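Participant: The structure file run.cif (mmCIF, C-alpha atoms and all ligand atoms) is provided below.
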```
data_run
loop_
_atom_site.label_atom_id
_atom_site.label_comp_id
_atom_site.auth_asym_id
_atom_site.auth_seq_id
_atom_site.Cartn_x
_atom_site.Cartn_y
_atom_site.Cartn_z
CA MET A 1 -5.20 -146.36 3.58
CA PRO A 2 -3.20 -145.91 0.37
CA ILE A 3 -3.50 -143.35 -2.40
CA HIS A 4 -4.52 -145.32 -5.50
CA ILE A 5 -3.04 -144.35 -8.86
CA CYS A 6 -4.42 -145.36 -12.27
CA SER A 7 -1.65 -147.31 -14.03
CA THR A 8 -2.75 -146.10 -17.49
CA CYS A 9 -3.02 -142.33 -16.99
CA GLY A 10 -1.24 -141.81 -13.65
CA THR A 11 -4.14 -139.98 -11.99
CA SER A 12 -4.21 -140.26 -8.19
CA TYR A 13 -7.44 -140.82 -6.24
CA PRO A 14 -8.38 -140.14 -2.60
CA ASN A 15 -6.99 -142.62 -0.10
CA ALA A 16 -9.28 -145.59 0.44
CA ASP A 17 -8.95 -149.26 1.31
CA THR A 18 -9.76 -150.28 -2.25
CA PRO A 19 -9.31 -148.42 -5.54
CA PRO A 20 -12.37 -146.81 -7.18
CA PRO A 21 -14.31 -149.00 -9.65
CA ARG A 22 -13.15 -146.99 -12.67
CA CYS A 23 -10.98 -144.08 -13.77
CA PRO A 24 -13.17 -141.39 -15.40
CA ILE A 25 -10.09 -139.92 -17.13
CA CYS A 26 -9.43 -143.26 -18.90
CA ASP A 27 -13.14 -143.93 -19.56
CA ASP A 28 -13.21 -140.74 -21.65
CA GLU A 29 -12.61 -141.05 -25.42
CA ARG A 30 -9.46 -138.93 -25.08
CA GLN A 31 -7.86 -141.83 -23.14
CA TYR A 32 -8.50 -145.58 -23.03
CA VAL A 33 -8.89 -148.52 -20.69
CA PRO A 34 -6.28 -151.15 -21.61
CA ARG A 35 -7.32 -154.50 -22.99
CA GLY A 36 -6.72 -156.27 -19.68
CA GLY A 37 -9.05 -153.87 -17.88
CA GLN A 38 -8.60 -151.01 -15.44
CA ALA A 39 -5.34 -151.38 -13.50
CA TRP A 40 -4.18 -149.63 -10.33
CA THR A 41 -1.04 -149.12 -8.35
CA THR A 42 -0.26 -147.19 -5.17
CA ARG A 43 2.21 -144.43 -4.39
CA GLU A 44 4.32 -146.92 -2.43
CA LYS A 45 4.45 -149.53 -5.21
CA LEU A 46 5.25 -146.88 -7.80
CA ALA A 47 8.12 -145.51 -5.70
CA GLY A 48 9.45 -149.05 -5.15
CA GLY A 49 9.99 -149.75 -8.85
CA HIS A 50 10.58 -146.36 -10.47
CA VAL A 51 12.88 -143.35 -10.21
CA ASN A 52 12.83 -139.87 -11.69
CA ALA A 53 15.59 -138.87 -14.10
CA TRP A 54 16.58 -135.23 -14.52
CA ARG A 55 17.92 -133.48 -17.61
CA GLN A 56 18.85 -129.81 -18.00
CA LEU A 57 17.31 -128.41 -21.20
CA GLU A 58 18.62 -124.85 -20.91
CA ALA A 59 20.10 -122.71 -18.14
CA ASP A 60 16.85 -122.35 -16.22
CA LEU A 61 14.84 -125.33 -17.41
CA PHE A 62 14.96 -128.94 -16.17
CA GLU A 63 13.05 -131.99 -17.35
CA ILE A 64 11.87 -134.57 -14.78
CA HIS A 65 10.84 -137.93 -16.23
CA THR A 66 9.98 -141.25 -14.58
CA HIS A 67 11.90 -144.45 -15.43
CA PRO A 68 10.91 -147.04 -16.39
CA GLY A 69 8.09 -145.27 -18.22
CA PHE A 70 4.85 -144.96 -16.30
CA GLY A 71 1.32 -143.91 -17.30
CA ILE A 72 1.21 -141.62 -20.32
CA GLY A 73 4.96 -141.04 -20.07
CA GLN A 74 5.02 -137.25 -20.06
CA ARG A 75 7.72 -135.13 -18.48
CA ALA A 76 7.35 -132.37 -15.92
CA LEU A 77 9.45 -129.23 -16.48
CA LEU A 78 10.98 -127.17 -13.70
CA LEU A 79 11.41 -123.56 -14.73
CA ARG A 80 13.63 -121.23 -12.67
CA THR A 81 12.67 -117.56 -12.45
CA PRO A 82 13.99 -114.74 -10.24
CA GLU A 83 10.67 -114.96 -8.35
CA GLY A 84 10.91 -118.70 -7.69
CA ASN A 85 10.54 -122.02 -9.46
CA ILE A 86 7.51 -123.12 -11.44
CA LEU A 87 6.65 -126.76 -12.06
CA TRP A 88 5.00 -127.11 -15.48
CA ASP A 89 2.87 -130.23 -15.88
CA CYS A 90 3.16 -132.98 -13.33
CA ILE A 91 4.05 -136.66 -12.94
CA SER A 92 2.71 -139.31 -10.57
CA LEU A 93 6.00 -140.07 -8.83
CA LEU A 94 7.48 -137.63 -6.34
CA ASP A 95 10.51 -139.63 -5.21
CA GLU A 96 12.85 -138.69 -2.37
CA ALA A 97 15.63 -137.60 -4.71
CA SER A 98 13.31 -135.25 -6.61
CA GLU A 99 12.02 -133.76 -3.39
CA THR A 100 15.58 -133.15 -2.17
CA LEU A 101 16.67 -131.69 -5.52
CA VAL A 102 13.65 -129.36 -5.82
CA ARG A 103 14.30 -128.13 -2.26
CA ALA A 104 17.97 -127.56 -3.09
CA LEU A 105 16.87 -125.47 -6.08
CA GLY A 106 14.69 -123.35 -3.77
CA GLY A 107 11.37 -125.21 -3.69
CA LEU A 108 8.36 -124.30 -5.83
CA ARG A 109 6.51 -121.02 -6.18
CA ALA A 110 3.66 -122.60 -8.13
CA ILE A 111 2.55 -125.57 -10.21
CA ALA A 112 0.69 -125.08 -13.50
CA ILE A 113 -0.69 -127.92 -15.62
CA SER A 114 -1.69 -128.00 -19.27
CA HIS A 115 -4.70 -130.34 -18.98
CA PRO A 116 -6.23 -133.15 -16.88
CA HIS A 117 -4.08 -135.98 -18.33
CA TYR A 118 -1.17 -134.50 -16.38
CA TYR A 119 -2.94 -133.70 -13.09
CA THR A 120 -1.47 -137.02 -11.77
CA SER A 121 -0.20 -136.46 -8.19
CA MET A 122 -0.27 -132.64 -8.25
CA GLN A 123 -1.81 -132.68 -4.76
CA ASP A 124 1.29 -134.41 -3.31
CA TRP A 125 3.73 -132.06 -5.06
CA ALA A 126 1.72 -129.03 -3.89
CA ARG A 127 1.63 -130.27 -0.31
CA ALA A 128 5.36 -131.09 -0.26
CA PHE A 129 6.34 -127.63 -1.51
CA GLU A 130 3.41 -125.68 0.00
CA CYS A 131 2.52 -123.98 -3.25
CA PRO A 132 -0.64 -123.35 -5.30
CA VAL A 133 -1.64 -125.38 -8.37
CA HIS A 134 -3.06 -123.24 -11.21
CA LEU A 135 -5.63 -125.11 -13.31
CA HIS A 136 -8.08 -123.68 -15.81
CA ALA A 137 -11.64 -123.70 -14.45
CA ALA A 138 -13.07 -125.07 -17.70
CA ASP A 139 -11.59 -128.48 -16.76
CA ALA A 140 -12.58 -128.43 -13.06
CA GLU A 141 -14.77 -131.55 -13.43
CA TRP A 142 -11.62 -133.63 -14.08
CA VAL A 143 -10.03 -133.05 -10.66
CA MET A 144 -10.27 -136.45 -8.95
CA ARG A 145 -8.76 -135.48 -5.57
CA ASN A 146 -9.82 -132.12 -4.19
CA ASP A 147 -7.13 -130.09 -2.47
CA PRO A 148 -7.20 -126.59 -0.94
CA ARG A 149 -4.03 -125.68 -2.90
CA ILE A 150 -5.81 -126.04 -6.27
CA GLN A 151 -6.72 -122.61 -7.67
CA HIS A 152 -8.97 -122.46 -10.72
CA TRP A 153 -8.40 -119.49 -13.03
CA ARG A 154 -11.13 -118.34 -15.41
CA SER A 155 -9.65 -115.76 -17.76
CA GLU A 156 -7.84 -116.31 -21.09
CA THR A 157 -4.37 -115.49 -19.70
CA LEU A 158 -2.80 -115.53 -16.24
CA GLU A 159 0.66 -114.19 -15.36
CA ILE A 160 2.00 -116.38 -12.54
CA ALA A 161 5.47 -114.73 -12.32
CA ARG A 162 7.01 -111.85 -14.26
CA GLY A 163 7.28 -113.00 -17.88
CA VAL A 164 5.64 -116.36 -17.15
CA THR A 165 2.09 -116.38 -18.53
CA LEU A 166 -0.48 -119.14 -18.86
CA LEU A 167 -2.46 -118.97 -22.13
CA ARG A 168 -5.71 -120.83 -22.47
CA LEU A 169 -5.85 -122.38 -25.94
CA GLY A 170 -8.50 -125.09 -25.44
CA GLY A 171 -8.66 -127.77 -28.14
CA HIS A 172 -7.70 -131.14 -26.62
CA PHE A 173 -9.53 -129.99 -23.44
CA PRO A 174 -11.65 -126.82 -23.10
CA GLY A 175 -9.22 -125.43 -20.51
CA GLY A 176 -6.12 -126.58 -22.45
CA THR A 177 -3.25 -124.32 -21.39
CA VAL A 178 0.29 -123.55 -22.54
CA LEU A 179 2.93 -121.58 -20.64
CA HIS A 180 4.71 -118.66 -22.31
CA TRP A 181 8.16 -117.97 -20.86
CA ALA A 182 9.46 -114.65 -22.13
CA GLN A 183 13.04 -115.22 -20.88
CA GLY A 184 13.29 -118.72 -22.37
CA ALA A 185 15.67 -119.51 -25.25
CA GLY A 186 18.07 -116.76 -24.17
CA GLY A 187 15.33 -114.11 -24.12
CA ARG A 188 13.78 -115.07 -27.48
CA GLY A 189 10.91 -116.79 -25.69
CA ALA A 190 9.73 -120.36 -25.21
CA LEU A 191 6.39 -122.10 -25.06
CA LEU A 192 5.85 -125.07 -22.74
CA SER A 193 3.05 -126.80 -24.55
CA GLY A 194 2.04 -130.17 -23.02
CA ASP A 195 -0.42 -131.94 -25.35
CA ILE A 196 -2.10 -128.70 -26.38
CA LEU A 197 0.45 -128.11 -29.13
CA GLN A 198 2.01 -131.54 -29.61
CA VAL A 199 5.59 -131.36 -30.86
CA ALA A 200 5.75 -133.88 -33.71
CA ALA A 201 8.45 -136.40 -34.69
CA ASP A 202 9.89 -134.00 -37.27
CA LEU A 203 10.73 -131.49 -34.47
CA GLY A 204 9.87 -128.63 -36.82
CA ARG A 205 6.13 -129.22 -36.61
CA VAL A 206 3.39 -129.39 -34.03
CA SER A 207 0.03 -131.11 -34.20
CA PHE A 208 -3.35 -130.75 -32.54
CA LEU A 209 -5.71 -133.59 -31.65
CA TRP A 210 -8.88 -134.13 -29.68
CA SER A 211 -7.73 -137.63 -28.69
CA TYR A 212 -4.09 -138.70 -29.00
CA PRO A 213 -4.40 -142.42 -28.18
CA ASN A 214 -7.50 -142.72 -30.41
CA MET A 215 -6.13 -140.36 -33.10
CA MET A 216 -9.21 -138.10 -33.39
CA PRO A 217 -8.66 -134.64 -34.86
CA LEU A 218 -9.78 -131.17 -33.85
CA SER A 219 -11.88 -129.07 -36.19
CA GLY A 220 -10.21 -126.66 -38.60
CA ALA A 221 -11.92 -123.73 -36.84
CA THR A 222 -10.47 -124.80 -33.48
CA VAL A 223 -6.96 -125.19 -34.90
CA ARG A 224 -7.22 -121.76 -36.58
CA ARG A 225 -8.33 -120.21 -33.27
CA ILE A 226 -5.43 -121.86 -31.39
CA ALA A 227 -2.90 -120.57 -33.94
CA ASP A 228 -4.41 -117.08 -33.86
CA THR A 229 -4.37 -117.05 -30.03
CA VAL A 230 -0.63 -117.76 -29.80
CA ALA A 231 0.30 -115.57 -32.80
CA PRO A 232 0.83 -112.35 -30.76
CA TRP A 233 3.33 -114.10 -28.45
CA GLN A 234 7.02 -114.34 -29.33
CA PHE A 235 8.74 -117.66 -28.90
CA GLU A 236 11.69 -119.38 -30.50
CA ARG A 237 11.36 -122.77 -28.82
CA ILE A 238 8.48 -125.12 -27.99
CA TYR A 239 8.97 -127.74 -25.29
CA GLY A 240 6.37 -130.49 -25.77
CA ALA A 241 5.05 -133.13 -23.40
CA PHE A 242 7.62 -135.86 -24.02
CA PRO A 243 11.40 -136.17 -23.68
CA GLY A 244 13.21 -135.16 -26.85
CA ARG A 245 10.15 -133.41 -28.27
CA GLN A 246 11.13 -129.78 -28.64
CA VAL A 247 11.18 -127.31 -31.50
CA MET A 248 14.51 -125.56 -30.96
CA ALA A 249 14.19 -122.71 -33.48
CA GLY A 250 11.45 -120.91 -35.36
CA GLY A 251 8.74 -122.05 -32.91
CA ALA A 252 6.14 -119.40 -33.75
CA ARG A 253 6.52 -120.01 -37.50
CA ALA A 254 6.28 -123.78 -36.90
CA VAL A 255 2.89 -123.34 -35.20
CA GLU A 256 1.50 -121.19 -38.00
CA ARG A 257 2.84 -123.47 -40.74
CA SER A 258 1.60 -126.63 -38.96
CA ALA A 259 -1.87 -125.16 -38.35
CA ALA A 260 -2.22 -124.04 -41.97
CA ARG A 261 -1.25 -127.49 -43.28
CA TYR A 262 -3.56 -129.26 -40.81
CA ILE A 263 -6.51 -127.18 -41.98
CA GLU A 264 -5.63 -127.82 -45.65
CA LEU A 265 -5.65 -131.58 -45.03
CA LEU A 266 -9.00 -131.43 -43.20
CA GLU A 267 -10.38 -129.55 -46.17
CA GLY A 268 -9.27 -132.34 -48.53
CA ARG A 269 -6.18 -130.71 -50.04
CA GLN A 270 -3.77 -133.63 -49.89
CA PRO A 271 -1.35 -134.92 -52.50
ZN ZN A 301 -6.77 -143.42 -15.74
ZN ZN A 302 -3.63 -135.33 -23.18
#
```
Give the structure from the file, written as structure tokens.
Ligand SMILES: [Zn+2]
Ligand SMILES: [Zn+2]
Facilitator:
Amino acid sequence: MPIHICSTCGTSYPNADTPPPRCPICDDERQYVPRGGQAWTTREKLAGGHVNAWRQLEADLFEIHTHPGFGIGQRALLLRTPEGNILWDCISLLDEASETLVRALGGLRAIAISHPHYYTSMQDWARAFECPVHLHAADAEWVMRNDPRIQHWRSETLEIARGVTLLRLGGHFPGGTVLHWAQGAGGRGALLSGDILQVAADLGRVSFLWSYPNMMPLSGATVRRIADTVAPWQFERIYGAFPGRQVMAGGARAVERSAARYIELLEGRQP
């Protein structure tokens, strides 16, 4: 029996002869069911037509991205630390080359994921590398394939290796998480942000939405709370969910400036 994968969001479902009738992740207003209706693929079909491409973003940070584009199109990031490698966010395809390369780099110490849109095939990655997956408990209802390696954390921060801390910001999802990497950007700090802080086209701004595909905003109070929650943390760079989307300098200032402008616009102060 195959593992069925939603073609729109990349979420994997328990193995069964036929795919489930619907994908709750895509039925939600933060995603969408395409015009042609719910579509499915399998792990085998996905691996037959796609490969993962790797790019080194800085000395200890690699991007892993599936080609041709699949699902939402996010990247996973592999972060090297003296205590082992962390996979930040996840993608549906674990191809043979990626498995060999991750093993050559020393395997994985842990997987951490920003929010349910990127849960994808986390169960397969965790099984292959025999490591835990850290997810915030506030989003537990969105796990579509239970696995003993999934560990739900409940606090506001969780240090998963020295200088690697998960921060719960909420917003797009109640358990929305970013990863603070103290040694990133040559020791000036980096934030791996998924969709929780979305690096914008201008690369000097971030944005914050409840629903990205349906373009629905967050409240001003939520955006203010997110900005205030990250304010005590030092970071120069912000690596967003998609290839090419990173703020390379002045990351902390970019968050504060972007949040302030967002709230001004919600309050009607526009040119
Ligand atoms: Zn889906
Ligand atoms: Zn999302």
Participant: Would you please work out which residue, of A:Pro132, A:Gln31, A:Val230, A:Arg188, is nearest to Glu156 (chain A) when using only C-alpha atoms?
Facilitator: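 Of the candidates, the smallest distance to Glu156 (chain A) is held by A:Val230.
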Participant: Kindly extract all protein, DNA and RNA residues lying within 6 Å of the coordinates (8.9, -136.4, -17.4) given in the file, considering all atoms listed in the file, and supply them as a list in words.
Facilitator: Ile64, His65, Thr66, Gln74, Arg75 and Ala76 of chain A
Participant: Which protein, DNA or RNA residues have an atom at most 8 Å from (10.5, -115.0, -16.3), counting only C-alpha atoms? List them as a compact mmCIF listing (two decimals) with C-alpha atoms, keeping the file's coordinate frame.
Facilitator:
```txt
# COMPACT_ATOMS: atom_id res chain seq x y z
CA ARG A 80 13.63 -121.23 -12.67
CA THR A 81 12.67 -117.56 -12.45
CA PRO A 82 13.99 -114.74 -10.24
CA GLU A 83 10.67 -114.96 -8.35
CA ALA A 161 5.47 -114.73 -12.32
CA ARG A 162 7.01 -111.85 -14.26
CA GLY A 163 7.28 -113.00 -17.88
CA VAL A 164 5.64 -116.36 -17.15
CA TRP A 181 8.16 -117.97 -20.86
CA ALA A 182 9.46 -114.65 -22.13
CA GLN A 183 13.04 -115.22 -20.88
CA GLY A 184 13.29 -118.72 -22.37
```
Participant: To check your reading of the model: which residues sit at most 10 Å from ligand ZN 301 (chain A) when counting all atoms listed in the file? Write the answer as a PyMOL selection string.
Facilitator: chain A and resi 5-13+22-28+31-34+38-40+71-72+117+120
Participant: Which residues are near ligand ZN 302 (chain A) in this structure, taking near to mean any atom at most 12 Å from a ligand atom and counting only C-alpha atoms and all ligand atoms? Format them as a ChimeraX atom specification.
Facilitator: /A:9-10,25-26,28-32,71-74,89,113-120,170-177,193-198,208-216,240-242
Participant: Give me, as a PyMOL selection string, all polymer residues having an atom no more than 8 Å from Leu93 (chain A), counting all atoms listed in the file and skipping those fewer than 3 positions away in the same chain.
Facilitator: chain A and resi 43+46-47+50-52+66+121
Participant: Would you export the selected residues with C-alpha atoms as a PDB file, keeping the file's coordinate frame, please?
Facilitator:
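Output file again.pdb follows:
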```pdb
ATOM      1  CA  ARG A  43       2.210-144.430  -4.390  1.00  0.00           C
ATOM      2  CA  LEU A  46       5.250-146.880  -7.800  1.00  0.00           C
ATOM      3  CA  ALA A  47       8.120-145.510  -5.700  1.00  0.00           C
ATOM      4  CA  HIS A  50      10.580-146.360 -10.470  1.00  0.00           C
ATOM      5  CA  VAL A  51      12.880-143.350 -10.210  1.00  0.00           C
ATOM      6  CA  ASN A  52      12.830-139.870 -11.690  1.00  0.00           C
ATOM      7  CA  THR A  66       9.980-141.250 -14.580  1.00  0.00           C
ATOM      8  CA  SER A 121      -0.200-136.460  -8.190  1.00  0.00           C
TER       9      SER A 121
END
```
Participant: Would you write out, as JSON lines, a table of all residues in region 75-146 of chain A that have an atom no more than 12 Å from an atom of region 54-63 of chain A, listing for each the closest atom pair and the distance in Å to one decimal, considering only C-alpha atoms and ordering rows by chain and rising residue number?
Facilitator:
```
{"residue": "A:Arg75", "atom": "CA", "partner": "A:Glu63", "partner_atom": "CA", "distance": 6.3}
{"residue": "A:Ala76", "atom": "CA", "partner": "A:Glu63", "partner_atom": "CA", "distance": 5.9}
{"residue": "A:Leu77", "atom": "CA", "partner": "A:Glu63", "partner_atom": "CA", "distance": 4.6}
{"residue": "A:Leu78", "atom": "CA", "partner": "A:Phe62", "partner_atom": "CA", "distance": 5.0}
{"residue": "A:Leu79", "atom": "CA", "partner": "A:Leu61", "partner_atom": "CA", "distance": 4.7}
{"residue": "A:Arg80", "atom": "CA", "partner": "A:Asp60", "partner_atom": "CA", "distance": 4.9}
{"residue": "A:Thr81", "atom": "CA", "partner": "A:Asp60", "partner_atom": "CA", "distance": 7.4}
{"residue": "A:Pro82", "atom": "CA", "partner": "A:Asp60", "partner_atom": "CA", "distance": 10.1}
{"residue": "A:Gly84", "atom": "CA", "partner": "A:Asp60", "partner_atom": "CA", "distance": 11.0}
{"residue": "A:Asn85", "atom": "CA", "partner": "A:Asp60", "partner_atom": "CA", "distance": 9.3}
{"residue": "A:Ile86", "atom": "CA", "partner": "A:Leu61", "partner_atom": "CA", "distance": 9.7}
{"residue": "A:Leu87", "atom": "CA", "partner": "A:Phe62", "partner_atom": "CA", "distance": 9.5}
{"residue": "A:Trp88", "atom": "CA", "partner": "A:Glu63", "partner_atom": "CA", "distance": 9.6}
{"residue": "A:Asp89", "atom": "CA", "partner": "A:Glu63", "partner_atom": "CA", "distance": 10.4}
{"residue": "A:Cys90", "atom": "CA", "partner": "A:Glu63", "partner_atom": "CA", "distance": 10.7}
{"residue": "A:Ile91", "atom": "CA", "partner": "A:Glu63", "partner_atom": "CA", "distance": 11.1}
{"residue": "A:Asp95", "atom": "CA", "partner": "A:Trp54", "partner_atom": "CA", "distance": 12.0}
{"residue": "A:Ala97", "atom": "CA", "partner": "A:Trp54", "partner_atom": "CA", "distance": 10.1}
{"residue": "A:Ser98", "atom": "CA", "partner": "A:Trp54", "partner_atom": "CA", "distance": 8.6}
{"residue": "A:Leu101", "atom": "CA", "partner": "A:Trp54", "partner_atom": "CA", "distance": 9.7}
{"residue": "A:Val102", "atom": "CA", "partner": "A:Phe62", "partner_atom": "CA", "distance": 10.4}
{"residue": "A:Leu105", "atom": "CA", "partner": "A:Asp60", "partner_atom": "CA", "distance": 10.6}
```
Participant: Between CA of Ala227 (chain A) and CA of Ala137 (chain A), what distance in Å does the model show, to one decimal?
Facilitator: 21.6 Å
Participant: In Å, rounded to a single decimal, give me how far CA of Pro20 (chain A) is from CA of Glu44 (chain A).
Facilitator: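 Computing the Euclidean distance for CA of Glu44 (chain A) and CA of Pro20 (chain A) yields 17.4 Å.
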